[in-house]
Amino acid sequence: MMREIIMKRFIGVCRSVAVFAMLFATYSEAISQTVDEIKANNEFIWGEGKGNTLSEADREAIDQIVSQISVTVDSKFKKTIEENASKEVTEKVVFVMETYSNTTLDSTVRVVIQNEPDAHVLRYIKRADVYKIFTQRANKIQDFVRSAVNAEKDLRVADALKYYYWSLILLKSHPDGNELTTDGSNGPKTALAVWIPEQINRVLSKISFEAEKMKTSETEVLCKVTAKLDGKTVTNLDYSYWQGNDWSNLISCRDGVGMLEYNGAAATDVSRAKLRVEYVFRSETRIDKELESVMERIKDIPFRTSYVDVEVKENPAATAPVALPVAAPTVSIPAAMAALTTNETNTAATYTSKKPEMSSIVITNPDVEIAANVNTILNAIKTRKYVDAYPCFTPEGLEMYKQLVHYGDARLMDTTGMKYFNYMGKEIVVRPFKMAFSFKTNTRKFIENVVLHFDPATKKATEVSLGLTDVAVKSIWDNTAWSVYDRLIISEFLEGYQTAYALKRLGYIESIFADDALIITGNYTVVVDPESPFKESRVLQYNRYSKEEYIKKLRQSFTSKEFINLKFEDSYIRRSAEDSVYGIQIKQNYFSSNYGDVGYLFLLVDLRDPVKPIIHVRTWQPDRDKDGHIYGLEDF
């Protein structure tokens, strides 16, 4: 199997080499033109630069090209950029055109006339190719629009607003910005310059919040916030709130739940809250150098509908300790899980898996000792007297608990909807309760679902994990062709996987990768070699690692990052011909203190022993191919 995998990867590498060979062949052919011929030929736009280094000379040459292109598109930009004085328009056109420098660099050819220390460089591009750089940006605008529409359908409001706004900002930097239209897939074609602001205002106007006090004292008020879009609980949404003298850090809702926290003088009278929904997401643009460049040069566009005034309701139980009833609460849980209580909990006869099935997954009368331990753990977290819960854990579970409460400034947020589940009689799982985490080096607070695993024999918690989002849970549990058992082990594996990265459990990660695992990672990088024709270009770099190399890289990564936060969204999972060997494709949002990206993760994992999962293949790619393809079971 591994030989076949390696051969496929080798073929892929060969294809990549062929592509680069063609690029460099084109480059070699182009520089065969003499400098004088290029300057004399009106088909080219060229720039010439001198400096102590090739980098300085190159920058000057590129700036000259950008300036010339600015002149050719000045009249178009005047329709897009609204200024009073023509001089201001011209200056702003050049300013905005500088955002095309990196793209222009990719499209131009460099000729080194003289090397350092008296560097002399010529850059040139065919006039016919100039508008290709604008076409590339137009395509990115349309990609962002499509991503926004899809995110809104999934109630991923943070993503929807982010992509709508980013597409609007890029539109402001396009010379044909007023002529670009929607693609017609969501109604008649409409000018994007009108349509995008309408969508942002429409989404913002449909967002509603409810706030309820959870904890009150003379110096502190903690409130639970529930966010909805058009009456439906959002999957994600970011906001900040007014603290009396400044706006708070961003709060990232998890499945509609967020928080407000007031301290000192701000806690004396909390009857109303002022919230501001985030739509700019400036810090996340660092993963896209082109977008980041545009954001630096174009002023933020204000949307007044992003401000929301919210009544903060009183809760008589706000100062009481957590009290979890022995009987399971009646509040709803995610629809995919809820279906189990009605359709799949009473008989094992309907299951098709050969594995033993539980006769009932939802426990209506949980073990009293386990319920007492759950109460103790929750109250310890709520009061921040974490030591009080130590006796409730096994040694391994205690280690994870300690890591969890120190994963940022941990706060208990919500126990509504928490239920007990019987997993094949082998463990009792309590899920989910929500916690908030914040970090010194980050301007955002995360809300996470947290899950406790108990040993039915010892009544102690053996594991603490960060739960999947409702979107990820639904994508797994909607696959009703599989038995409850199959869906349970996949859910548990993915929760354990994302928790291991968040809590930096390097030993666990090392244990779940096969010794001969194929591991492919990707990251965006900038070419810094001054001799490279692709200098300063942002490129996607894939690396293949052995297990030993990957673990070493992770160790370094864990050391350099204060925190790592993974979010899994929609997934596509297939079972191979071998029983309980799965190909898992899942969209992953990766966010850390010094890096962030969004991409598609593929895992080929053997779950025949759910306690000891084995990953044979792990790949990552930033987006689907043009045909919609991402790495999957069929590729390996």
# chains A, B, ... in the order shown; residues from 1 in each chain; ligands from 1
call {"tool": "residues_around", "arguments": {"residues": "region 303-312 of chain A", "least_positions_apart": "3", "cutoff": "8 Å", "atoms": "only C-alpha atoms", "output": "VMD selection string"}}
result
chain A and resid 201 204 to 205 208 to 213 223 270 to 278
call {"tool": "write_last_selection", "arguments": {"atoms": "N, CA, C and O atoms", "output": "mmCIF file, in the first residue's frame"}}
result
data_model
loop_
_atom_site.group_PDB
_atom_site.id
_atom_site.type_symbol
_atom_site.label_atom_id
_atom_site.label_comp_id
_atom_site.auth_asym_id
_atom_site.auth_seq_id
_atom_site.Cartn_x
_atom_site.Cartn_y
_atom_site.Cartn_z
ATOM 1 N N ASN A 201 -25.212 44.684 4.834
ATOM 2 C CA ASN A 201 -26.243 45.329 5.663
ATOM 3 C C ASN A 201 -27.399 44.382 5.960
ATOM 4 O O ASN A 201 -27.956 44.392 7.061
ATOM 5 N N LEU A 204 -26.175 41.883 8.634
ATOM 6 C CA LEU A 204 -26.042 42.566 9.924
ATOM 7 C C LEU A 204 -27.397 42.891 10.541
ATOM 8 O O LEU A 204 -27.582 42.772 11.759
ATOM 9 N N SER A 205 -28.349 43.277 9.710
ATOM 10 C CA SER A 205 -29.668 43.654 10.230
ATOM 11 C C SER A 205 -30.455 42.458 10.753
ATOM 12 O O SER A 205 -31.388 42.627 11.549
ATOM 13 N N SER A 208 -29.362 38.990 15.809
ATOM 14 C CA SER A 208 -29.954 39.383 17.091
ATOM 15 C C SER A 208 -29.188 38.718 18.226
ATOM 16 O O SER A 208 -28.599 37.639 18.062
ATOM 17 N N PHE A 209 -29.189 39.384 19.387
ATOM 18 C CA PHE A 209 -28.488 38.872 20.561
ATOM 19 C C PHE A 209 -29.430 38.837 21.763
ATOM 20 O O PHE A 209 -30.311 39.685 21.899
ATOM 21 N N GLU A 210 -29.182 37.873 22.615
ATOM 22 C CA GLU A 210 -29.809 37.847 23.941
ATOM 23 C C GLU A 210 -28.686 37.721 24.959
ATOM 24 O O GLU A 210 -27.720 36.981 24.743
ATOM 25 N N ALA A 211 -28.800 38.456 26.058
ATOM 26 C CA ALA A 211 -27.762 38.423 27.089
ATOM 27 C C ALA A 211 -28.395 38.166 28.449
ATOM 28 O O ALA A 211 -29.418 38.775 28.789
ATOM 29 N N GLU A 212 -27.785 37.272 29.220
ATOM 30 C CA GLU A 212 -28.302 36.912 30.538
ATOM 31 C C GLU A 212 -27.150 36.800 31.523
ATOM 32 O O GLU A 212 -26.114 36.196 31.223
ATOM 33 N N LYS A 213 -27.315 37.405 32.685
ATOM 34 C CA LYS A 213 -26.271 37.366 33.698
ATOM 35 C C LYS A 213 -26.089 35.950 34.235
ATOM 36 O O LYS A 213 -27.056 35.264 34.562
ATOM 37 N N CYS A 223 -21.767 37.475 31.708
ATOM 38 C CA CYS A 223 -23.040 37.241 31.031
ATOM 39 C C CYS A 223 -22.866 36.237 29.896
ATOM 40 O O CYS A 223 -21.833 36.233 29.208
ATOM 41 N N VAL A 270 -25.030 46.965 34.928
ATOM 42 C CA VAL A 270 -25.040 46.273 33.634
ATOM 43 C C VAL A 270 -26.470 45.890 33.317
ATOM 44 O O VAL A 270 -26.948 44.793 33.633
ATOM 45 N N SER A 271 -27.201 46.809 32.714
ATOM 46 C CA SER A 271 -28.581 46.535 32.315
ATOM 47 C C SER A 271 -28.707 46.461 30.794
ATOM 48 O O SER A 271 -29.625 45.827 30.279
ATOM 49 N N ARG A 272 -27.783 47.138 30.123
ATOM 50 C CA ARG A 272 -27.766 47.088 28.671
ATOM 51 C C ARG A 272 -26.315 46.948 28.213
ATOM 52 O O ARG A 272 -25.380 47.354 28.887
ATOM 53 N N ALA A 273 -26.147 46.333 27.049
ATOM 54 C CA ALA A 273 -24.810 46.142 26.485
ATOM 55 C C ALA A 273 -24.801 46.659 25.054
ATOM 56 O O ALA A 273 -25.788 46.538 24.328
ATOM 57 N N LYS A 274 -23.673 47.227 24.673
ATOM 58 C CA LYS A 274 -23.501 47.708 23.315
ATOM 59 C C LYS A 274 -22.498 46.800 22.615
ATOM 60 O O LYS A 274 -21.340 46.701 23.033
ATOM 61 N N LEU A 275 -22.948 46.126 21.560
ATOM 62 C CA LEU A 275 -22.108 45.182 20.833
ATOM 63 C C LEU A 275 -21.795 45.702 19.438
ATOM 64 O O LEU A 275 -22.586 46.451 18.852
ATOM 65 N N ARG A 276 -20.646 45.309 18.932
ATOM 66 C CA ARG A 276 -20.246 45.661 17.567
ATOM 67 C C ARG A 276 -19.841 44.381 16.840
ATOM 68 O O ARG A 276 -18.857 43.731 17.203
ATOM 69 N N VAL A 277 -20.602 44.004 15.841
ATOM 70 C CA VAL A 277 -20.330 42.785 15.094
ATOM 71 C C VAL A 277 -19.101 42.993 14.210
ATOM 72 O O VAL A 277 -18.992 43.998 13.502
ATOM 73 N N GLU A 278 -18.172 42.052 14.243
ATOM 74 C CA GLU A 278 -16.947 42.152 13.456
ATOM 75 C C GLU A 278 -17.206 41.731 12.009
ATOM 76 O O GLU A 278 -17.876 40.734 11.734
#
call {"tool": "residues_around", "arguments": {"residues": "region 231-237 of chain A", "least_positions_apart": "2", "cutoff": "6 Å", "atoms": "only C-alpha atoms", "output": "MDAnalysis selection string"}}
result
chainID A and resid 155:158 228:229 252:256
call {"tool": "write_last_selection", "arguments": {"atoms": "all heavy atoms", "output": "JSON list (two decimals), in the first residue's frame"}}
result
[["chain", "number", "residue", "atom", "x", "y", "z"],
["A", 155, "LEU", "N", -24.94, 29.26, 8.12],
["A", 155, "LEU", "CA", -25.03, 30.09, 9.33],
["A", 155, "LEU", "C", -23.66, 30.39, 9.92],
["A", 155, "LEU", "O", -23.53, 30.71, 11.10],
["A", 155, "LEU", "CB", -25.94, 29.43, 10.39],
["A", 155, "LEU", "CG", -27.39, 29.24, 9.98],
["A", 155, "LEU", "CD1", -28.16, 28.45, 11.03],
["A", 155, "LEU", "CD2", -28.06, 30.62, 9.76],
["A", 156, "ARG", "N", -22.61, 30.30, 9.10],
["A", 156, "ARG", "CA", -21.27, 30.72, 9.50],
["A", 156, "ARG", "C", -21.18, 32.22, 9.25],
["A", 156, "ARG", "O", -20.58, 32.67, 8.29],
["A", 156, "ARG", "CB", -20.21, 29.93, 8.74],
["A", 156, "ARG", "CG", -20.16, 28.46, 9.10],
["A", 156, "ARG", "CD", -19.02, 27.72, 8.40],
["A", 156, "ARG", "NE", -19.31, 27.48, 6.99],
["A", 156, "ARG", "CZ", -18.63, 28.00, 5.98],
["A", 156, "ARG", "NH1", -17.63, 28.83, 6.21],
["A", 156, "ARG", "NH2", -18.96, 27.71, 4.73],
["A", 157, "VAL", "N", -21.79, 32.97, 10.16],
["A", 157, "VAL", "CA", -21.97, 34.40, 9.94],
["A", 157, "VAL", "C", -20.64, 35.14, 9.93],
["A", 157, "VAL", "O", -20.44, 36.08, 9.14],
["A", 157, "VAL", "CB", -22.92, 34.98, 11.00],
["A", 157, "VAL", "CG1", -23.13, 36.48, 10.77],
["A", 157, "VAL", "CG2", -24.25, 34.25, 10.97],
["A", 158, "ALA", "N", -19.72, 34.75, 10.80],
["A", 158, "ALA", "CA", -18.40, 35.39, 10.81],
["A", 158, "ALA", "C", -17.73, 35.24, 9.45],
["A", 158, "ALA", "O", -17.19, 36.21, 8.90],
["A", 158, "ALA", "CB", -17.52, 34.80, 11.91],
["A", 228, "LYS", "N", -28.12, 34.89, 17.09],
["A", 228, "LYS", "CA", -28.93, 34.24, 16.06],
["A", 228, "LYS", "C", -28.94, 35.07, 14.78],
["A", 228, "LYS", "O", -28.75, 36.29, 14.82],
["A", 228, "LYS", "CB", -30.37, 34.04, 16.56],
["A", 228, "LYS", "CG", -30.48, 33.08, 17.74],
["A", 228, "LYS", "CD", -31.93, 32.87, 18.16],
["A", 228, "LYS", "CE", -32.01, 31.88, 19.31],
["A", 228, "LYS", "NZ", -33.40, 31.63, 19.74],
["A", 229, "LEU", "N", -29.16, 34.40, 13.67],
["A", 229, "LEU", "CA", -29.35, 35.06, 12.39],
["A", 229, "LEU", "C", -30.74, 34.73, 11.89],
["A", 229, "LEU", "O", -31.05, 33.56, 11.62],
["A", 229, "LEU", "CB", -28.29, 34.60, 11.38],
["A", 229, "LEU", "CG", -28.43, 35.21, 9.98],
["A", 229, "LEU", "CD1", -28.06, 36.69, 10.01],
["A", 229, "LEU", "CD2", -27.55, 34.48, 8.96],
["A", 252, "SER", "N", -15.30, 35.13, 19.92],
["A", 252, "SER", "CA", -15.70, 34.21, 18.85],
["A", 252, "SER", "C", -16.77, 33.25, 19.38],
["A", 252, "SER", "O", -16.49, 32.39, 20.21],
["A", 252, "SER", "CB", -14.50, 33.40, 18.34],
["A", 252, "SER", "OG", -13.57, 34.23, 17.69],
["A", 253, "CYS", "N", -18.01, 33.44, 18.92],
["A", 253, "CYS", "CA", -19.10, 32.57, 19.34],
["A", 253, "CYS", "C", -18.87, 31.14, 18.86],
["A", 253, "CYS", "O", -18.37, 30.91, 17.77],
["A", 253, "CYS", "CB", -20.43, 33.05, 18.76],
["A", 253, "CYS", "SG", -21.10, 34.49, 19.57],
["A", 254, "ARG", "N", -19.25, 30.19, 19.67],
["A", 254, "ARG", "CA", -19.25, 28.79, 19.28],
["A", 254, "ARG", "C", -20.70, 28.30, 19.31],
["A", 254, "ARG", "O", -21.32, 28.28, 20.36],
["A", 254, "ARG", "CB", -18.38, 27.97, 20.22],
["A", 254, "ARG", "CG", -18.57, 26.45, 20.11],
["A", 254, "ARG", "CD", -18.19, 25.92, 18.73],
["A", 254, "ARG", "NE", -16.77, 25.89, 18.53],
["A", 254, "ARG", "CZ", -16.03, 24.78, 18.69],
["A", 254, "ARG", "NH1", -16.59, 23.66, 19.04],
["A", 254, "ARG", "NH2", -14.73, 24.82, 18.46],
["A", 255, "ASP", "N", -21.21, 27.95, 18.14],
["A", 255, "ASP", "CA", -22.60, 27.48, 18.03],
["A", 255, "ASP", "C", -23.57, 28.42, 18.73],
["A", 255, "ASP", "O", -24.46, 28.01, 19.46],
["A", 255, "ASP", "CB", -22.72, 26.06, 18.59],
["A", 255, "ASP", "CG", -21.89, 25.07, 17.81],
["A", 255, "ASP", "OD1", -21.71, 25.28, 16.59],
["A", 255, "ASP", "OD2", -21.41, 24.09, 18.40],
["A", 256, "GLY", "N", -23.36, 29.71, 18.49],
["A", 256, "GLY", "CA", -24.30, 30.72, 18.98],
["A", 256, "GLY", "C", -24.06, 31.24, 20.38],
["A", 256, "GLY", "O", -24.77, 32.15, 20.81]]
call {"tool": "residues_around", "arguments": {"residues": "Val257 (chain A)", "least_positions_apart": "3", "cutoff": "8 Å", "atoms": "only C-alpha atoms", "output": "CSV table (one decimal) with N, CA, C and O atoms, in the first residue's frame"}}
result
chain,number,residue,atom,x,y,z
A,224,LYS,N,-23.9,35.4,29.7
A,224,LYS,CA,-24.0,34.5,28.6
A,224,LYS,C,-24.7,35.3,27.4
A,224,LYS,O,-25.7,35.9,27.6
A,225,VAL,N,-24.1,35.2,26.2
A,225,VAL,CA,-24.7,35.8,25.1
A,225,VAL,C,-25.1,34.7,24.1
A,225,VAL,O,-24.4,33.8,23.8
A,226,THR,N,-26.3,34.8,23.5
A,226,THR,CA,-26.8,33.9,22.5
A,226,THR,C,-27.0,34.7,21.2
A,226,THR,O,-27.7,35.7,21.2
A,227,ALA,N,-26.4,34.3,20.1
A,227,ALA,CA,-26.5,35.0,18.9
A,227,ALA,C,-27.3,34.2,17.8
A,227,ALA,O,-27.1,33.0,17.7
A,253,CYS,N,-18.0,33.4,18.9
A,253,CYS,CA,-19.1,32.6,19.3
A,253,CYS,C,-18.9,31.1,18.9
A,253,CYS,O,-18.4,30.9,17.8
A,254,ARG,N,-19.3,30.2,19.7
A,254,ARG,CA,-19.3,28.8,19.3
A,254,ARG,C,-20.7,28.3,19.3
A,254,ARG,O,-21.3,28.3,20.4
A,447,ILE,N,-14.9,30.6,22.3
A,447,ILE,CA,-15.8,29.8,23.1
A,447,ILE,C,-15.7,28.3,22.5
A,447,ILE,O,-15.8,28.1,21.3
call {"tool": "atom_distance", "arguments": {"atom1": "CA of Phe454 (chain A)", "atom2": "CA of Ile370 (chain A)"}}
result
7.5 Å
call {"tool": "atom_distance", "arguments": {"atom1": "CA of Ser67 (chain A)", "atom2": "CA of Thr108 (chain A)"}}
result
14.2 Å
call {"tool": "residues_around", "arguments": {"residues": "Thr182 (chain A)", "least_positions_apart": "2", "cutoff": "7 Å", "atoms": "only C-alpha atoms", "output": "PyMOL selection string"}}
result
chain A and resi 184+189-192
call {"tool": "select_by_dssp", "arguments": {"residues": "region 96-287 of chain A", "states": "helix (DSSP H, G or I)", "output": "PyMOL selection string"}}
result
chain A and resi 96-107+127-153+157-172+192-205+264-267+282-287
call {"tool": "residues_around", "arguments": {"residues": "Pro432 (chain A)", "least_positions_apart": "6", "cutoff": "8 Å", "atoms": "only C-alpha atoms", "output": "list of chain:residue names"}}
result
A:Thr415, A:Gly417, A:Met418, A:Lys419, A:Asn449, A:Val450, A:Val451, A:Gly467
call {"tool": "residues_around", "arguments": {"residues": "region 604-609 of chain A", "least_positions_apart": "5", "cutoff": "6 Å", "atoms": "only C-alpha atoms", "output": "JSON, numbers by chain"}}
result
{"A": [580, 581, 582, 583, 614, 615, 616, 617]}
call {"tool": "write_last_selection", "arguments": {"atoms": "N, CA and C atoms", "output": "PDB file, in the first residue's frame"}}
result
ATOM      1  N   SER A 580     -13.554  -0.499   9.031  1.00  0.00           N
ATOM      2  CA  SER A 580     -13.154   0.539   9.980  1.00  0.00           C
ATOM      3  C   SER A 580     -11.850   1.232   9.619  1.00  0.00           C
ATOM      4  N   VAL A 581     -11.491   1.250   8.340  1.00  0.00           N
ATOM      5  CA  VAL A 581     -10.405   2.095   7.851  1.00  0.00           C
ATOM      6  C   VAL A 581     -11.069   3.194   7.030  1.00  0.00           C
ATOM      7  N   TYR A 582     -10.880   4.450   7.409  1.00  0.00           N
ATOM      8  CA  TYR A 582     -11.660   5.542   6.862  1.00  0.00           C
ATOM      9  C   TYR A 582     -10.780   6.582   6.170  1.00  0.00           C
ATOM     10  N   GLY A 583     -11.337   7.186   5.147  1.00  0.00           N
ATOM     11  CA  GLY A 583     -10.751   8.370   4.541  1.00  0.00           C
ATOM     12  C   GLY A 583     -11.584   9.562   4.961  1.00  0.00           C
ATOM     13  N   ILE A 614      -4.789   4.691  14.265  1.00  0.00           N
ATOM     14  CA  ILE A 614      -3.527   4.778  13.548  1.00  0.00           C
ATOM     15  C   ILE A 614      -3.746   5.566  12.251  1.00  0.00           C
ATOM     16  N   ILE A 615      -3.015   6.677  12.083  1.00  0.00           N
ATOM     17  CA  ILE A 615      -3.093   7.488  10.882  1.00  0.00           C
ATOM     18  C   ILE A 615      -1.998   7.044   9.922  1.00  0.00           C
ATOM     19  N   HIS A 616      -2.398   6.654   8.697  1.00  0.00           N
ATOM     20  CA  HIS A 616      -1.429   6.226   7.691  1.00  0.00           C
ATOM     21  C   HIS A 616      -1.081   7.349   6.710  1.00  0.00           C
ATOM     22  N   VAL A 617      -2.041   8.238   6.452  1.00  0.00           N
ATOM     23  CA  VAL A 617      -1.803   9.353   5.529  1.00  0.00           C
ATOM     24  C   VAL A 617      -2.415  10.611   6.123  1.00  0.00           C
TER      25      VAL A 617
END
call {"tool": "atom_distance", "arguments": {"atom1": "CA of Lys553 (chain A)", "atom2": "CA of Tyr600 (chain A)"}}
result
19.9 Å
call {"tool": "closest_residue", "arguments": {"among": "A:Pro188, A:Gly507, A:Gly496, A:Pro302", "to": "Val611 (chain A)", "atoms": "only C-alpha atoms"}}
result
A:Gly496
call {"tool": "residues_around", "arguments": {"residues": "Ile519 (chain A)", "least_positions_apart": "6", "cutoff": "10 Å", "atoms": "only C-alpha atoms", "output": "list of chain:residue names"}}
result
A:Phe513, A:Asn543, A:Arg544, A:Tyr545, A:Ser546, A:Lys547, A:Glu549, A:Tyr550, A:Leu603, A:Ile615, A:His616, A:Val617, A:Arg618, A:Thr619, A:Trp620
call {"tool": "closest_residue", "arguments": {"among": "A:Ser560, A:Thr181, A:Gln68, A:Gln243", "to": "Arg127 (chain A)", "atoms": "only C-alpha atoms"}}
result
A:Gln68
